[in-house]
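The data block below is model17.pdb; it holds PDB, C-alpha atoms.
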ATOM      1  CA  MET A   1     137.109 138.500  82.339
ATOM      2  CA  GLY A   2     134.997 135.556  83.513
ATOM      3  CA  ASP A   3     136.938 134.939  86.747
ATOM      4  CA  ASN A   4     134.637 137.044  88.942
ATOM      5  CA  LYS A   5     132.046 134.302  89.223
ATOM      6  CA  GLN A   6     131.117 133.310  92.793
ATOM      7  CA  LYS A   7     131.729 129.729  93.786
ATOM      8  CA  SER A   8     128.863 127.563  94.995
ATOM      9  CA  VAL A   9     128.317 127.113  98.711
ATOM     10  CA  GLY A  10     129.425 123.479  98.642
ATOM     11  CA  SER A  11     132.691 124.172  96.888
ATOM     12  CA  SER A  12     133.483 127.122  99.153
ATOM     13  CA  ASP A  13     132.889 124.904 102.213
ATOM     14  CA  LYS A  14     135.310 122.349 100.803
ATOM     15  CA  VAL A  15     137.929 125.005 100.223
ATOM     16  CA  ASN A  16     137.485 126.420 103.750
ATOM     17  CA  ASN A  17     137.486 122.984 105.359
ATOM     18  CA  ASN A  18     140.633 121.866 103.532
ATOM     19  CA  ALA A  19     142.368 125.148 104.345
ATOM     20  CA  GLN A  20     141.615 124.620 108.047
ATOM     21  CA  GLY A  21     142.804 121.023 107.885
ATOM     22  CA  GLY A  22     139.396 119.613 108.908
ATOM     23  CA  ASP A  23     138.429 116.063 108.108
ATOM     24  CA  THR A  24     135.120 115.912 106.244
ATOM     25  CA  LYS A  25     134.545 112.213 107.016
ATOM     26  CA  ALA A  26     134.760 112.785 110.765
ATOM     27  CA  SER A  27     132.273 115.650 110.644
ATOM     28  CA  LYS A  28     129.829 113.555 108.596
ATOM     29  CA  LYS A  29     130.021 110.742 111.138
ATOM     30  CA  GLU A  30     129.295 113.201 113.951
ATOM     31  CA  ASP A  31     126.263 114.516 112.053
ATOM     32  CA  ILE A  32     124.970 110.977 111.529
ATOM     33  CA  LYS A  33     125.413 110.189 115.211
ATOM     34  CA  LYS A  34     123.504 113.337 116.184
ATOM     35  CA  THR A  35     120.566 112.586 113.880
ATOM     36  CA  GLY A  36     120.545 108.933 114.925
ATOM     37  CA  ALA A  37     120.145 109.943 118.558
ATOM     38  CA  LYS A  38     117.189 112.167 117.677
ATOM     39  CA  GLN A  39     115.461 109.354 115.803
ATOM     40  CA  GLN A  40     115.786 106.985 118.743
ATOM     41  CA  GLN A  41     114.053 109.484 121.038
ATOM     42  CA  ARG A  42     110.797 109.328 119.050
ATOM     43  CA  GLN A  43     107.869 107.790 120.818
ATOM     44  CA  LYS A  44     105.487 105.445 119.122
ATOM     45  CA  LEU A  45     101.996 106.804 119.511
ATOM     46  CA  SER A  46      99.042 104.532 119.053
ATOM     47  CA  VAL A  47      95.683 106.163 118.440
ATOM     48  CA  PHE A  48      92.426 104.246 118.283
ATOM     49  CA  VAL A  49      88.850 105.276 117.671
ATOM     50  CA  GLU A  50      86.411 103.883 120.201
ATOM     51  CA  GLU A  51      83.457 102.140 118.616
ATOM     52  CA  SER A  52      80.817 104.279 120.345
ATOM     53  CA  GLN A  53      82.472 107.543 119.276
ATOM     54  CA  GLY A  54      83.073 106.216 115.771
ATOM     55  CA  VAL A  55      79.441 105.202 115.292
ATOM     56  CA  LYS A  56      78.305 108.656 116.480
ATOM     57  CA  LEU A  57      80.545 110.264 113.874
ATOM     58  CA  LEU A  58      79.310 107.882 111.186
ATOM     59  CA  GLN A  59      75.662 108.702 111.990
ATOM     60  CA  SER A  60      76.278 112.398 111.423
ATOM     61  CA  MET A  61      77.866 111.840 107.992
ATOM     62  CA  LYS A  62      75.835 111.678 104.766
ATOM     63  CA  ALA A  63      78.441 109.989 102.573
ATOM     64  CA  ILE A  64      80.905 107.946 104.587
ATOM     65  CA  THR A  65      84.378 107.942 103.110
ATOM     66  CA  ILE A  66      87.654 107.087 104.751
ATOM     67  CA  GLN A  67      89.001 110.568 104.134
ATOM     68  CA  GLY A  68      85.888 112.246 105.516
ATOM     69  CA  PHE A  69      85.844 110.040 108.602
ATOM     70  CA  ALA A  70      89.540 110.731 109.246
ATOM     71  CA  ARG A  71      88.906 114.476 109.004
ATOM     72  CA  SER A  72      85.892 114.439 111.333
ATOM     73  CA  ALA A  73      87.521 112.093 113.874
ATOM     74  CA  GLY A  74      90.846 113.934 113.785
ATOM     75  CA  VAL A  75      92.921 110.824 113.106
ATOM     76  CA  LYS A  76      95.203 109.636 110.319
ATOM     77  CA  ILE A  77      93.726 107.985 107.252
ATOM     78  CA  SER A  78      95.322 104.635 108.084
ATOM     79  CA  ILE A  79      93.528 104.557 111.433
ATOM     80  CA  ALA A  80      90.230 105.593 109.838
ATOM     81  CA  ASN A  81      90.686 102.892 107.209
ATOM     82  CA  SER A  82      91.206 100.193 109.823
ATOM     83  CA  PHE A  83      88.173 101.391 111.813
ATOM     84  CA  ILE A  84      85.871 101.379 108.782
ATOM     85  CA  ARG A  85      87.128  97.948 107.700
ATOM     86  CA  SER A  86      86.423  96.558 111.151
ATOM     87  CA  ALA A  87      82.988  98.242 111.133
ATOM     88  CA  GLU A  88      82.307  96.658 107.745
ATOM     89  CA  SER A  89      83.238  93.213 109.049
ATOM     90  CA  LYS A  90      80.952  93.728 112.074
ATOM     91  CA  GLY A  91      78.055  94.767 109.838
ATOM     92  CA  ILE A  92      77.853  98.414 110.945
ATOM     93  CA  VAL A  93      78.557  99.849 107.473
ATOM     94  CA  ARG A  94      78.482  98.468 103.954
ATOM     95  CA  ASN A  95      80.184  99.457 100.730
ATOM     96  CA  VAL A  96      77.787 101.136  98.286
ATOM     97  CA  GLY A  97      80.120 102.573  95.671
ATOM     98  CA  GLY A  98      83.357 104.223  94.828
ATOM     99  CA  TYR A  99      86.420 103.049  93.014
ATOM    100  CA  SER A 100      90.008 102.101  93.780
ATOM    101  CA  GLY A 101      90.858 103.399  97.274
ATOM    102  CA  HIS A 102      87.986 105.907  97.365
ATOM    103  CA  ARG A 103      85.118 103.811  98.640
ATOM    104  CA  VAL A 104      81.759 105.179  99.756
ATOM    105  CA  TYR A 105      80.015 103.445 102.641
ATOM    106  CA  GLU A 106      76.502 103.478 104.042
ATOM    107  CA  LEU A 107      75.487 103.094 107.665
ATOM    108  CA  ILE A 108      73.286 100.036 108.246
ATOM    109  CA  ARG A 109      70.531 100.771 110.732
TER
END

Please express the file's structure as structure tokens.
Amino acid sequence: MGDNKQKSVGSSDKVNNNAQGGDTKASKKEDIKKTGAKQQQRQKLSVFVEESQGVKLLQSMKAITIQGFARSAGVKISIANSFIRSAESKGIVRNVGGYSGHRVYELIR
């Protein structure tokens, strides 16, 4: 009466693999080797914001936040964060508010 239930995909693969005499450990090792080769082919990209372009973007912004700068510059937040920190150390911007990781900066003229 309750025997008509379909088996899950994983258990049916095990049944098919064992019936064919396949070795599951060998196939897993091949999969790992394939994905490992793909990961090694990745290139490390380094993106920087030039100071002149960054200052132009900062001048056009009312409230300078890391997230807003990253969006307008088209870079990742980590890169925007490093640019704004370096601009703060150079005296281009200063922290005027915010909390935690959401700081608000002001352009010093």

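Atom CA of Ser100 of chain A is found 28.2 Å from atom CA of Ser52 of chain A.
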
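Picture a line from atom CA of Ile92 of chain A to atom CA of Ile108 of chain A; it runs 5.5 Å.
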
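Distance-wise, atom CA of Arg109 of chain A and atom CA of Ile77 of chain A end up 24.5 Å apart.
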
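The closest residue to Gly54 of chain A, picked from A:Leu107, A:Gly74, A:Phe83, A:Gly101 and counting all atoms listed in the file, is A:Phe83.
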
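Proximity to Asn95 of chain A was assessed for A:Val55, A:Val75, A:Ala63, A:Val49 counting only C-alpha atoms; the smallest distance is recorded for A:Ala63.
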
task = Would you write out, as a PyMOL selection string, every residue that the PyMOL selection byres ((chain A and resi 67) around 9) captures in this file?
result = chain A and resi 64-66+68-72+76-77+80-81+102

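Shortest atom-to-atom contact with Gln59 of chain A among A:Tyr105, A:Asp3, A:Ser8, A:Ser89: A:Tyr105, counting all atoms listed in the file.
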